[in-house]
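Raw run29.pdb, PDB, C-alpha atoms and all ligand atoms:
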```pdb
MODEL        1
ATOM      1  CA  MET G  20       2.254  22.119 -26.731
ATOM      2  CA  ARG G  21       3.444  21.455 -23.181
ATOM      3  CA  SER G  22       6.876  20.006 -22.614
ATOM      4  CA  LEU G  23       7.287  16.571 -21.099
ATOM      5  CA  SER G  24      10.112  17.867 -18.958
ATOM      6  CA  THR G  25       7.631  19.905 -16.995
ATOM      7  CA  TRP G  26       5.646  17.490 -14.837
ATOM      8  CA  PRO G  27       4.141  20.085 -12.538
ATOM      9  CA  TYR G  28       3.244  17.795  -9.623
ATOM     10  CA  PRO G  29       5.593  16.331  -7.004
ATOM     11  CA  ASN G  30       7.311  13.129  -8.169
ATOM     12  CA  ILE G  31       6.474  11.169  -5.008
ATOM     13  CA  VAL G  32       2.827  10.472  -4.198
ATOM     14  CA  ALA G  33       1.615   9.074  -0.867
ATOM     15  CA  HIS G  34      -0.729   6.164  -1.653
ATOM     16  CA  ARG G  35      -4.162   6.388  -0.016
ATOM     17  CA  GLY G  36      -2.930   9.351   2.011
ATOM     18  CA  GLY G  37      -0.865   7.620   4.653
ATOM     19  CA  GLY G  38       0.489   4.573   2.851
ATOM     20  CA  ASN G  39       1.004   1.735   5.289
ATOM     21  CA  LEU G  40       1.246   3.995   8.360
ATOM     22  CA  ALA G  41      -2.377   5.045   8.863
ATOM     23  CA  PRO G  42      -5.880   3.830   8.013
ATOM     24  CA  GLU G  43      -6.130   4.391   4.272
ATOM     25  CA  ASN G  44      -8.231   7.160   2.754
ATOM     26  CA  THR G  45      -8.956   9.040   6.000
ATOM     27  CA  LEU G  46      -8.131  12.542   7.182
ATOM     28  CA  ALA G  47      -5.731  10.951   9.682
ATOM     29  CA  ALA G  48      -3.916   9.284   6.790
ATOM     30  CA  ILE G  49      -3.506  12.563   4.935
ATOM     31  CA  LYS G  50      -2.210  14.240   8.094
ATOM     32  CA  LYS G  51       0.311  11.424   8.506
ATOM     33  CA  GLY G  52       1.501  11.872   4.937
ATOM     34  CA  TYR G  53       1.863  15.594   5.521
ATOM     35  CA  GLU G  54       3.757  15.109   8.812
ATOM     36  CA  LEU G  55       6.260  12.960   6.957
ATOM     37  CA  GLY G  56       6.864  15.633   4.356
ATOM     38  CA  HIS G  57       4.615  14.543   1.505
ATOM     39  CA  THR G  58       3.270  17.217  -0.790
ATOM     40  CA  MET G  59       1.035  15.044  -2.971
ATOM     41  CA  ILE G  60      -1.406  12.325  -2.047
ATOM     42  CA  GLU G  61      -3.511   9.811  -3.925
ATOM     43  CA  PHE G  62      -6.889   8.717  -2.581
ATOM     44  CA  ASP G  63      -9.896   6.740  -3.795
ATOM     45  CA  VAL G  64     -13.386   8.199  -4.118
ATOM     46  CA  THR G  65     -16.768   6.530  -4.484
ATOM     47  CA  LEU G  66     -20.401   7.612  -4.039
ATOM     48  CA  SER G  67     -22.958   7.284  -1.254
ATOM     49  CA  LYS G  68     -26.632   6.507  -1.917
ATOM     50  CA  ASP G  69     -27.358  10.240  -1.820
ATOM     51  CA  ASP G  70     -24.554  11.052  -4.276
ATOM     52  CA  ILE G  71     -21.969  12.341  -1.792
ATOM     53  CA  PRO G  72     -18.399  11.596  -2.939
ATOM     54  CA  PHE G  73     -16.374  10.091  -0.109
ATOM     55  CA  LEU G  74     -13.138   8.162   0.307
ATOM     56  CA  LEU G  75     -13.117   4.353   0.102
ATOM     57  CA  HIS G  76     -10.986   1.854  -1.781
ATOM     58  CA  ASP G  77     -12.977  -1.373  -1.753
ATOM     59  CA  ASP G  78     -16.334  -2.324  -3.280
ATOM     60  CA  THR G  79     -17.594  -2.993   0.228
ATOM     61  CA  LEU G  80     -17.289  -1.479   3.691
ATOM     62  CA  ASN G  81     -16.177  -4.811   5.174
ATOM     63  CA  ARG G  82     -12.394  -4.472   5.345
ATOM     64  CA  THR G  83     -11.886  -0.863   6.388
ATOM     65  CA  THR G  84     -14.926   0.030   8.500
ATOM     66  CA  ASN G  85     -16.917  -1.445  11.367
ATOM     67  CA  SER G  86     -19.845  -2.072   9.001
ATOM     68  CA  GLN G  87     -20.560  -4.365   6.094
ATOM     69  CA  GLY G  88     -22.151  -4.086   2.692
ATOM     70  CA  THR G  89     -22.011  -1.995  -0.431
ATOM     71  CA  PRO G  90     -21.444   1.735   0.140
ATOM     72  CA  ILE G  91     -23.968   2.844  -2.493
ATOM     73  CA  ASN G  92     -26.701   1.347  -0.287
ATOM     74  CA  PHE G  93     -25.935   3.804   2.553
ATOM     75  CA  THR G  94     -26.651   7.520   2.832
ATOM     76  CA  TRP G  95     -23.831   9.820   3.857
ATOM     77  CA  HIS G  96     -25.614  10.358   7.175
ATOM     78  CA  GLU G  97     -25.322   6.602   7.845
ATOM     79  CA  LEU G  98     -21.762   6.358   6.536
ATOM     80  CA  SER G  99     -20.607   9.327   8.592
ATOM     81  CA  LYS G 100     -21.246   7.373  11.804
ATOM     82  CA  LEU G 101     -18.896   4.504  10.892
ATOM     83  CA  ASP G 102     -15.427   3.904  12.279
ATOM     84  CA  ALA G 103     -12.830   3.721   9.498
ATOM     85  CA  GLY G 104      -9.765   3.630  11.772
ATOM     86  CA  ARG G 105     -10.265   0.852  14.282
ATOM     87  CA  TRP G 106      -9.512  -1.943  11.767
ATOM     88  CA  PHE G 107      -6.007  -0.495  11.358
ATOM     89  CA  SER G 108      -5.095   0.080  14.998
ATOM     90  CA  SER G 109      -6.660   1.181  18.287
ATOM     91  CA  GLU G 110      -4.663   4.414  17.956
ATOM     92  CA  PHE G 111      -7.153   5.382  15.228
ATOM     93  CA  ASN G 112     -10.391   4.349  16.973
ATOM     94  CA  ASN G 113     -13.340   6.512  15.882
ATOM     95  CA  GLU G 114     -11.579   7.908  12.820
ATOM     96  CA  PRO G 115     -14.542   8.525  10.482
ATOM     97  CA  LEU G 116     -14.910   8.086   6.751
ATOM     98  CA  ALA G 117     -14.074  11.333   4.970
ATOM     99  CA  GLN G 118     -16.103  13.247   2.426
ATOM    100  CA  LEU G 119     -14.270  14.664  -0.575
ATOM    101  CA  SER G 120     -15.179  18.164   0.603
ATOM    102  CA  GLU G 121     -13.466  17.641   3.983
ATOM    103  CA  VAL G 122     -10.384  16.275   2.268
ATOM    104  CA  ALA G 123     -10.264  19.270  -0.048
ATOM    105  CA  ASP G 124     -10.385  21.660   2.907
ATOM    106  CA  LEU G 125      -7.534  19.809   4.611
ATOM    107  CA  CYS G 126      -5.371  19.553   1.494
ATOM    108  CA  LEU G 127      -5.857  23.196   0.606
ATOM    109  CA  SER G 128      -4.938  24.260   4.135
ATOM    110  CA  LEU G 129      -1.773  22.117   4.023
ATOM    111  CA  ASN G 130      -0.923  23.012   0.420
ATOM    112  CA  ILE G 131      -1.010  19.351  -0.640
ATOM    113  CA  GLN G 132      -1.599  18.416  -4.283
ATOM    114  CA  VAL G 133      -4.028  15.593  -4.993
ATOM    115  CA  ASN G 134      -4.602  12.653  -7.299
ATOM    116  CA  ILE G 135      -8.267  11.719  -7.001
ATOM    117  CA  GLU G 136      -8.831   8.149  -8.123
ATOM    118  CA  ILE G 137     -12.479   7.684  -9.088
ATOM    119  CA  LYS G 138     -13.749   4.235  -8.032
ATOM    120  CA  PRO G 139     -17.304   4.187  -9.342
ATOM    121  CA  PRO G 140     -19.969   1.801  -8.064
ATOM    122  CA  LYS G 141     -20.800  -0.801 -10.727
ATOM    123  CA  GLY G 142     -23.242   0.584 -13.280
ATOM    124  CA  LEU G 143     -22.742   4.190 -12.144
ATOM    125  CA  GLU G 144     -19.422   4.846 -13.847
ATOM    126  CA  GLU G 145     -20.226   7.932 -15.920
ATOM    127  CA  LYS G 146     -22.457   9.433 -13.270
ATOM    128  CA  THR G 147     -19.750   9.048 -10.615
ATOM    129  CA  GLY G 148     -17.187  10.610 -12.932
ATOM    130  CA  ARG G 149     -19.481  13.567 -13.493
ATOM    131  CA  ILE G 150     -20.312  14.115  -9.817
ATOM    132  CA  VAL G 151     -16.727  13.771  -8.588
ATOM    133  CA  ALA G 152     -15.237  15.966 -11.311
ATOM    134  CA  ARG G 153     -17.837  18.698 -10.937
ATOM    135  CA  LEU G 154     -17.325  18.851  -7.186
ATOM    136  CA  ALA G 155     -13.537  18.569  -7.398
ATOM    137  CA  GLU G 156     -13.366  21.461  -9.818
ATOM    138  CA  THR G 157     -15.293  23.681  -7.399
ATOM    139  CA  LEU G 158     -13.548  22.527  -4.232
ATOM    140  CA  PHE G 159     -10.012  22.879  -5.574
ATOM    141  CA  LYS G 160     -10.490  26.191  -7.356
ATOM    142  CA  GLN G 161      -7.930  27.859  -5.081
ATOM    143  CA  SER G 162      -5.371  25.059  -5.435
ATOM    144  CA  LYS G 163      -1.965  25.807  -6.934
ATOM    145  CA  MET G 164      -2.423  22.843  -9.281
ATOM    146  CA  PRO G 165      -5.734  21.316 -10.368
ATOM    147  CA  PRO G 166      -6.626  17.930  -8.900
ATOM    148  CA  LEU G 167      -5.362  15.131 -11.129
ATOM    149  CA  LEU G 168      -8.275  12.757 -11.760
ATOM    150  CA  SER G 169      -7.644   9.111 -12.564
ATOM    151  CA  SER G 170      -9.649   5.931 -12.971
ATOM    152  CA  PHE G 171      -9.492   2.354 -14.173
ATOM    153  CA  SER G 172     -12.911   3.095 -15.653
ATOM    154  CA  PRO G 173     -12.874   4.881 -19.026
ATOM    155  CA  GLU G 174     -16.575   5.598 -18.494
ATOM    156  CA  ALA G 175     -15.828   7.504 -15.291
ATOM    157  CA  LEU G 176     -13.188   9.547 -17.111
ATOM    158  CA  ARG G 177     -15.686  10.183 -19.918
ATOM    159  CA  GLY G 178     -18.137  11.602 -17.375
ATOM    160  CA  ALA G 179     -15.391  13.737 -15.833
ATOM    161  CA  LYS G 180     -14.362  15.095 -19.209
ATOM    162  CA  GLU G 181     -17.926  16.001 -20.068
ATOM    163  CA  VAL G 182     -18.463  18.237 -17.024
ATOM    164  CA  ALA G 183     -14.955  19.458 -16.178
ATOM    165  CA  PRO G 184     -12.866  19.203 -19.350
ATOM    166  CA  SER G 185     -10.079  21.367 -17.972
ATOM    167  CA  LEU G 186      -9.217  18.997 -15.105
ATOM    168  CA  PRO G 187      -6.339  16.681 -16.051
ATOM    169  CA  ARG G 188      -7.274  13.020 -16.518
ATOM    170  CA  GLY G 189      -5.131   9.906 -16.073
ATOM    171  CA  LEU G 190      -6.011   6.468 -17.426
ATOM    172  CA  LEU G 191      -5.189   3.742 -14.894
ATOM    173  CA  MET G 192      -4.070   0.299 -16.006
ATOM    174  CA  HIS G 193      -3.473  -2.660 -13.741
ATOM    175  CA  ARG G 194      -3.104  -4.959 -16.728
ATOM    176  CA  PHE G 195      -1.869  -3.575 -20.012
ATOM    177  CA  ARG G 196      -4.820  -2.589 -22.219
ATOM    178  CA  SER G 197      -4.477  -2.992 -25.956
ATOM    179  CA  ASP G 198      -6.938  -0.111 -26.427
ATOM    180  CA  TRP G 199      -4.958   2.378 -24.285
ATOM    181  CA  SER G 200      -3.926   4.546 -27.216
ATOM    182  CA  ASN G 201      -7.481   4.989 -28.521
ATOM    183  CA  LEU G 202      -8.714   5.680 -25.003
ATOM    184  CA  VAL G 203      -6.170   8.372 -24.194
ATOM    185  CA  ASN G 204      -6.979  10.044 -27.516
ATOM    186  CA  GLU G 205     -10.701   9.973 -26.919
ATOM    187  CA  LEU G 206     -10.484  10.992 -23.263
ATOM    188  CA  GLU G 207      -7.750  13.561 -23.936
ATOM    189  CA  CYS G 208      -5.691  12.149 -21.105
ATOM    190  CA  TYR G 209      -2.879  13.991 -19.439
ATOM    191  CA  SER G 210      -1.215  10.936 -17.942
ATOM    192  CA  ILE G 211      -1.043   7.155 -17.778
ATOM    193  CA  HIS G 212      -1.129   5.584 -14.314
ATOM    194  CA  LEU G 213       0.375   2.165 -14.487
ATOM    195  CA  ASN G 214       1.069  -0.841 -12.298
ATOM    196  CA  TYR G 215       4.864  -0.516 -12.100
ATOM    197  CA  LYS G 216       5.322  -4.145 -13.168
ATOM    198  CA  LEU G 217       4.012  -3.165 -16.610
ATOM    199  CA  ILE G 218       6.474  -0.368 -17.313
ATOM    200  CA  THR G 219       9.272  -0.907 -19.808
ATOM    201  CA  PRO G 220      11.497   1.654 -21.551
ATOM    202  CA  LYS G 221       9.660   0.877 -24.795
ATOM    203  CA  ARG G 222       6.226   1.537 -23.305
ATOM    204  CA  LEU G 223       7.491   4.680 -21.598
ATOM    205  CA  ALA G 224       8.722   5.918 -24.970
ATOM    206  CA  LEU G 225       5.294   5.210 -26.489
ATOM    207  CA  PHE G 226       3.614   7.259 -23.756
ATOM    208  CA  LYS G 227       6.077  10.113 -24.180
ATOM    209  CA  ALA G 228       5.523  10.053 -27.936
ATOM    210  CA  LYS G 229       1.856  10.711 -27.208
ATOM    211  CA  ASN G 230       2.797  13.557 -24.861
ATOM    212  CA  LEU G 231       1.581  11.669 -21.803
ATOM    213  CA  PHE G 232       3.059  11.870 -18.331
ATOM    214  CA  THR G 233       3.561   8.559 -16.517
ATOM    215  CA  LEU G 234       2.795   7.755 -12.872
ATOM    216  CA  VAL G 235       3.503   4.256 -11.578
ATOM    217  CA  TYR G 236       2.158   2.475  -8.494
ATOM    218  CA  THR G 237       2.748   1.000  -5.895
ATOM    219  CA  ILE G 238       6.511   1.110  -5.309
ATOM    220  CA  ASN G 239       7.671   0.184  -1.835
ATOM    221  CA  ASP G 240      11.338  -0.438  -2.506
ATOM    222  CA  ILE G 241      13.663   2.540  -2.529
ATOM    223  CA  THR G 242      16.054   1.089  -5.098
ATOM    224  CA  LYS G 243      13.174   0.354  -7.460
ATOM    225  CA  ALA G 244      11.801   3.872  -6.903
ATOM    226  CA  LYS G 245      15.123   5.416  -7.901
ATOM    227  CA  GLU G 246      15.434   3.102 -10.889
ATOM    228  CA  LEU G 247      11.967   4.032 -12.187
ATOM    229  CA  LEU G 248      12.547   7.765 -11.802
ATOM    230  CA  ALA G 249      15.903   7.383 -13.547
ATOM    231  CA  MET G 250      14.134   5.515 -16.360
ATOM    232  CA  GLY G 251      12.016   8.625 -16.865
ATOM    233  CA  VAL G 252       8.686   8.004 -15.156
ATOM    234  CA  ASN G 253       7.303  11.275 -13.826
ATOM    235  CA  ALA G 254       5.925  10.119 -10.491
ATOM    236  CA  ILE G 255       5.757   7.116  -8.225
ATOM    237  CA  CYS G 256       3.037   6.266  -5.766
ATOM    238  CA  THR G 257       4.181   4.554  -2.559
ATOM    239  CA  ASP G 258       2.940   2.947   0.646
ATOM    240  CA  CYS G 259       6.343   3.338   2.301
ATOM    241  CA  ILE G 260       5.796   6.982   3.066
ATOM    242  CA  ASP G 261       8.424   7.157   5.807
ATOM    243  CA  ILE G 262      11.211   5.964   3.483
ATOM    244  CA  ILE G 263      10.228   7.029  -0.024
ATOM    245  CA  LYS G 264       9.669  10.760   0.498
ATOM    246  CA  PRO G 265      10.044  13.886  -1.624
ATOM    247  CA  THR G 266      13.564  14.284  -0.292
ATOM    248  CA  PHE G 267      14.727  10.649  -0.494
TER
HETATM  249  O1  LIG J 301      -3.931   5.213  -8.256
HETATM  250  C1  LIG J 301      -2.921   4.277  -8.013
HETATM  251  C2  LIG J 301      -3.437   3.110  -7.219
HETATM  252  O2  LIG J 301      -4.089   3.575  -6.083
HETATM  253  C3  LIG J 301      -4.361   2.225  -8.004
HETATM  254  O3  LIG J 301      -4.668   1.048  -7.351
HETATM  255  O4  LIG J 301      -6.162  -0.421  -6.078
HETATM  256  O5  LIG J 301      -4.489   0.952  -4.881
HETATM  257  O6  LIG J 301      -6.468   2.019  -5.891
HETATM  258  P1  LIG J 301      -5.480   0.908  -5.996
HETATM  259 MG    MG J 302      -6.088   4.149  -5.585
ENDMDL
END
```

Can the structure in the file be given as C-alpha cells, please?
Ligand code: G3P
Ligand code: MG
Amino acid sequence: MRSLSTWPYPNIVAHRGGGNLAPENTLAAIKKGYELGHTMIEFDVTLSKDDIPFLLHDDTLNRTTNSQGTPINFTWHELSKLDAGRWFSSEFNNEPLAQLSEVADLCLSLNIQVNIEIKPPKGLEEKTGRIVARLAETLFKQSKMPPLLSSFSPEALRGAKEVAPSLPRGLLMHRFRSDWSNLVNELECYSIHLNYKLITPKRLALFKAKNLFTLVYTINDITKAKELLAMGVNAICTDCIDIIKPTF
C-alpha cells in the first residue's frame, strides 16, 4: 500500500492554468503559470458536438468567449474560431479555445503536471468521462506522472475508471457529500478535491484513514495556504499564482 507521506505531485496547483493573471483554461494561461514557476496546473475539460475534449469552465460560452450558447451544440471546427482571450483583456485578443491534445503537447514540453477536471455536458457524464480519460491516457503516456483526473460528477469518474482504470481519480466536492465514502470506494479514488471551506482536521483524518490524498481549492490568501499545508492537506489550488508559488 502506498504511503500518505508520498504525494507525488507538486503541492501548489495553478487554477485554470493562469489563475487570475490570464484568460482561464487557455494555452496563454498555462504559459503564464509556467513563467511564474508553476509545475502543476488544473484545468477544466468539456466536449464539443463532435466529441473533441477542449478546455472550458462554464456550461455556456457566454462569459469567456465572443460567442454564446452551449458548447455541445458546436463542432470543434466552429469552436476553434472563437476568441477566448478578449473578455479578459485586449492583451489576449484572438487567444483561441484549446483542445486537450494541444494542452498535452504544451504541458509535456514544459514538464508540467496536470489535474484534468472533467466538466461533462448534462446527460453526457459517463460518455465524457470515457472520452477524456481514454484520450488523456494516450496523450500523457510520456509524462513523468499520470494526469490526475477529477470531477464533481461521479458518473464522469465512473466512465473514466471503466476505460482507463490506471489513471488516478479525485472526487470533487463543493458541498460536503454524505455519500463520499461509498463513492471513493466504488470509484477507487486516489484523492478528494475539496472546497477549502469544508476542510477540518477531523475530515482530513477521515480521508487519510481511507488512504486518500487531499487537494483543496481555491486558496488565494498566503497565510491560509500555509495553514492548510501545515494542517496536512497535500495540495492547494490557487488563483494567486504570482504570490502562492511552489517556492512561497
Ligand atoms: O478543481 C478545483 C476547482 O477548479 C473546482 O472548481 O468551479 O473552479 O472548476 P471550479
Ligand atoms: Mg476546475

Here atom CA of G:Pro29 and atom CA of G:Glu54 stand apart by 16.0 Å

To check your reading of the model: which residues sit at most 10 Å from ligand MG 302 (chain J) when counting all atoms listed in the file? Write the answer as a VMD selection string.
chain G and resid 34 to 36 43 to 44 61 to 64 75 to 77 134 to 138 169 to 171 191 236 to 237 256

- Task: Report as a ChimeraX atom specification the residues that result from applying the PyMOL selection byres (((chain G and resi 250) around 12) and not hetatm) to the structure here.
- Result: /G:215,218-224,233,235,243-249,251-255

Take the residues that were just selected and, keeping C-alpha atoms, output them as a PDB file, keeping the file's coordinate frame.
```
ATOM      1  CA  TYR G 215       4.864  -0.516 -12.100  1.00  0.00           C
ATOM      2  CA  ILE G 218       6.474  -0.368 -17.313  1.00  0.00           C
ATOM      3  CA  THR G 219       9.272  -0.907 -19.808  1.00  0.00           C
ATOM      4  CA  PRO G 220      11.497   1.654 -21.551  1.00  0.00           C
ATOM      5  CA  LYS G 221       9.660   0.877 -24.795  1.00  0.00           C
ATOM      6  CA  ARG G 222       6.226   1.537 -23.305  1.00  0.00           C
ATOM      7  CA  LEU G 223       7.491   4.680 -21.598  1.00  0.00           C
ATOM      8  CA  ALA G 224       8.722   5.918 -24.970  1.00  0.00           C
ATOM      9  CA  THR G 233       3.561   8.559 -16.517  1.00  0.00           C
ATOM     10  CA  VAL G 235       3.503   4.256 -11.578  1.00  0.00           C
ATOM     11  CA  LYS G 243      13.174   0.354  -7.460  1.00  0.00           C
ATOM     12  CA  ALA G 244      11.801   3.872  -6.903  1.00  0.00           C
ATOM     13  CA  LYS G 245      15.123   5.416  -7.901  1.00  0.00           C
ATOM     14  CA  GLU G 246      15.434   3.102 -10.889  1.00  0.00           C
ATOM     15  CA  LEU G 247      11.967   4.032 -12.187  1.00  0.00           C
ATOM     16  CA  LEU G 248      12.547   7.765 -11.802  1.00  0.00           C
ATOM     17  CA  ALA G 249      15.903   7.383 -13.547  1.00  0.00           C
ATOM     18  CA  GLY G 251      12.016   8.625 -16.865  1.00  0.00           C
ATOM     19  CA  VAL G 252       8.686   8.004 -15.156  1.00  0.00           C
ATOM     20  CA  ASN G 253       7.303  11.275 -13.826  1.00  0.00           C
ATOM     21  CA  ALA G 254       5.925  10.119 -10.491  1.00  0.00           C
ATOM     22  CA  ILE G 255       5.757   7.116  -8.225  1.00  0.00           C
TER      23      ILE G 255
END
```

What separates atom CA of G:Thr58 and atom CA of G:Glu174 is a distance of 29.0 Å

Could you work out an axis-aligned bounding box for all listed atoms of stretch 123-128 of chain G, with 3 Å added on each of the six sides, and give its centre and edge lengths in Å to one decimal, as AutoDock Vina command-line options?
```
--center_x -7.7 --center_y 21.8 --center_z 2.3 --size_x 11.4 --size_y 11.0 --size_z 10.7
```

ask   = the PyMOL selection byres (((chain G and resi 121) around 12) and not hetatm) on the file shown: which residues, as an MDAnalysis selection string?
value = chainID G and resid 44:47 49 71:74 99 115:120 122:128 154:155 158:159

Preceding selection exported with C-alpha atoms as a PDB file, keeping the file's coordinate frame:
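Output (part_26.pdb):
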```pdb
ATOM      1  CA  ASN G  44      -8.231   7.160   2.754  1.00  0.00           C
ATOM      2  CA  THR G  45      -8.956   9.040   6.000  1.00  0.00           C
ATOM      3  CA  LEU G  46      -8.131  12.542   7.182  1.00  0.00           C
ATOM      4  CA  ALA G  47      -5.731  10.951   9.682  1.00  0.00           C
ATOM      5  CA  ILE G  49      -3.506  12.563   4.935  1.00  0.00           C
ATOM      6  CA  ILE G  71     -21.969  12.341  -1.792  1.00  0.00           C
ATOM      7  CA  PRO G  72     -18.399  11.596  -2.939  1.00  0.00           C
ATOM      8  CA  PHE G  73     -16.374  10.091  -0.109  1.00  0.00           C
ATOM      9  CA  LEU G  74     -13.138   8.162   0.307  1.00  0.00           C
ATOM     10  CA  SER G  99     -20.607   9.327   8.592  1.00  0.00           C
ATOM     11  CA  PRO G 115     -14.542   8.525  10.482  1.00  0.00           C
ATOM     12  CA  LEU G 116     -14.910   8.086   6.751  1.00  0.00           C
ATOM     13  CA  ALA G 117     -14.074  11.333   4.970  1.00  0.00           C
ATOM     14  CA  GLN G 118     -16.103  13.247   2.426  1.00  0.00           C
ATOM     15  CA  LEU G 119     -14.270  14.664  -0.575  1.00  0.00           C
ATOM     16  CA  SER G 120     -15.179  18.164   0.603  1.00  0.00           C
ATOM     17  CA  VAL G 122     -10.384  16.275   2.268  1.00  0.00           C
ATOM     18  CA  ALA G 123     -10.264  19.270  -0.048  1.00  0.00           C
ATOM     19  CA  ASP G 124     -10.385  21.660   2.907  1.00  0.00           C
ATOM     20  CA  LEU G 125      -7.534  19.809   4.611  1.00  0.00           C
ATOM     21  CA  CYS G 126      -5.371  19.553   1.494  1.00  0.00           C
ATOM     22  CA  LEU G 127      -5.857  23.196   0.606  1.00  0.00           C
ATOM     23  CA  SER G 128      -4.938  24.260   4.135  1.00  0.00           C
ATOM     24  CA  LEU G 154     -17.325  18.851  -7.186  1.00  0.00           C
ATOM     25  CA  ALA G 155     -13.537  18.569  -7.398  1.00  0.00           C
ATOM     26  CA  LEU G 158     -13.548  22.527  -4.232  1.00  0.00           C
ATOM     27  CA  PHE G 159     -10.012  22.879  -5.574  1.00  0.00           C
TER      28      PHE G 159
END
```

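Atom CA of G:His193 is positioned 5.1 Å from atom CA of G:Asn214.
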
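Candidate residues G:Cys259, G:Leu40, G:Leu186, G:Ile91 were compared for distance to G:Glu110, and the nearest is G:Leu40, using only C-alpha atoms.
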